[in-house]
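Comments concern the structure below.
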Amino acid sequence: MSAAAAEVPPPPRRLFLAELPRAAVMLGSLALSQRRLNAVPRGDGRPVLVLPGLGNTDTTTIVMRRWLRRIGYRSYGWDLGRNRGARTIGSDAGMLEARLEAIYADAGEPVTLVGISLGGIMARLMAHRRSELVREVITLSAPFAGPPTATNVWRAYQWLSGERIDDPAVVANQAEAAAPLPVPSTAIWSASDGFVNGAICREAEGSACRSIEIESGHLGVHMHPEAMLAIARTLAGETK
């Protein structure tokens with residue numbers, strides 16, 4: 001981690017406090033965006049595994065997974081219950097690896113991983129460790145490229161996961177997630193996110209990881225119309 005990254009602050013309090021009202025507005029915009037969401041390029045049937053964020057379950061990703069199926073992809077939930085970090089997937093991420101292996105076997109081809117927040121960090125770890133099983137990684141507001149202290153949720157992570165952010169294993173996983181991936185990757189992020197600093201949700205400028213900025217809060221970002229459209233265009237191979 002660079003010295004510059006270590007100095008990245010968490011989002012300001014005003015953005016943190018605005019998360020709930022912004023999420024309510026976002027849900028309204030989702031209802032008004034169905035025509036646009038259904039007009040995206042059609043999928044090719046590839047498997048897509050959606051990984052929920054910290055403290056969330058597959059229930060929170062139902063809207064995205066149903067939409068992905070509707071536009072032509074085979075979408076999967078992670079089937080591992082609530083995302084409590086290592087308490088859920090094991091300290092070696094073995095349970096998530098087993099789920100990825102099962103989807104690969106079912107689909108007969110590498111899997112695209114869509115990871116939300118902490119789920120995005122996990123997706124990048126899987127791409128490093130089992131690249132033969134992963135076709136592509138798309139992260140949404142995932143703080144993989146900087147210190148946990150550049151978020152307003154690191155204490156919640158410690159409580160839910162039972163791990164301290166300065167534990168050697170946590171530090172090592174963060175460094176691994178931040179390293180360039182051996183598969184294509186896209187990072188969708190927001191400069192006005194109230195939970196995580198958008199600067200640590202993407203790789204450095206000039207890297208191979210595609211960066212797509214949207215205007216969004218953190219809560220429910222996976223149901224934000226602009227995030228969903230960015231995912232569809234990425235899956236379709238569009239570069240703009």
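By convention here, the chains of the structure tokens are called A, B, ... in the order presented, each chain's residues are numbered starting at 1, and ligands are numbered starting at 1 in the order presented.
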
### DSSP-assigned helix (DSSP H, G or I) among segment 112-189 of chain A, expressed as number ranges by chain
A: 118-129, 131-133, 148-150, 154-161, 168-178

Determine, counting only C-alpha atoms, which protein, DNA and RNA residues have an atom within 8 Å of an atom of Pro180 of chain A; residues of the same chain fewer than 6 positions away are not included. Present the result as a short mmCIF file (atom, residue, chain, number, x, y, z; two decimals) with all heavy atoms, in the first residue's frame.
```cif
data_model
loop_
_atom_site.label_atom_id
_atom_site.label_comp_id
_atom_site.auth_asym_id
_atom_site.auth_seq_id
_atom_site.Cartn_x
_atom_site.Cartn_y
_atom_site.Cartn_z
N GLU A 203 -8.56 0.86 -9.07
CA GLU A 203 -7.11 0.82 -9.19
C GLU A 203 -6.59 2.17 -9.67
O GLU A 203 -7.36 3.04 -10.10
CB GLU A 203 -6.68 -0.30 -10.15
CG GLU A 203 -6.93 -1.70 -9.60
CD GLU A 203 -6.36 -2.79 -10.49
OE1 GLU A 203 -5.53 -2.47 -11.37
OE2 GLU A 203 -6.75 -3.95 -10.32
N SER A 207 -4.12 1.68 -14.99
CA SER A 207 -4.10 0.23 -14.78
C SER A 207 -5.03 -0.45 -15.78
O SER A 207 -5.82 0.19 -16.47
CB SER A 207 -4.54 -0.11 -13.35
OG SER A 207 -5.95 -0.02 -13.24
N ALA A 208 -4.94 -1.76 -15.82
CA ALA A 208 -5.79 -2.53 -16.73
C ALA A 208 -7.22 -2.63 -16.24
O ALA A 208 -8.13 -2.96 -17.01
CB ALA A 208 -5.22 -3.93 -16.91
N CYS A 209 -7.46 -2.34 -14.96
CA CYS A 209 -8.80 -2.42 -14.40
C CYS A 209 -9.61 -1.21 -14.87
O CYS A 209 -9.25 -0.06 -14.62
CB CYS A 209 -8.74 -2.44 -12.87
SG CYS A 209 -10.35 -2.52 -12.05
#
```

### Query
Which neighbours of Phe16 of chain A fall inside 8 Å, counting only C-alpha atoms, when residues of the same chain fewer than 2 positions from it are skipped, and could you give them as a PyMOL selection string?
chain A and resi 11-14+18-19+152+193-195

### Task
Determine which residues of segment 12-87 of chain A receive a DSSP assignment of strand (DSSP E), computed from the backbone, and state them as a PyMOL selection string.
chain A and resi 47-51+74-76

### Task
Take atom CA of Arg82 of chain A and atom CA of Met95 of chain A and report the distance between them in Å, one decimal.
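Value for the atom CA of Arg82 of chain A-atom CA of Met95 of chain A distance: 12.9 Å.
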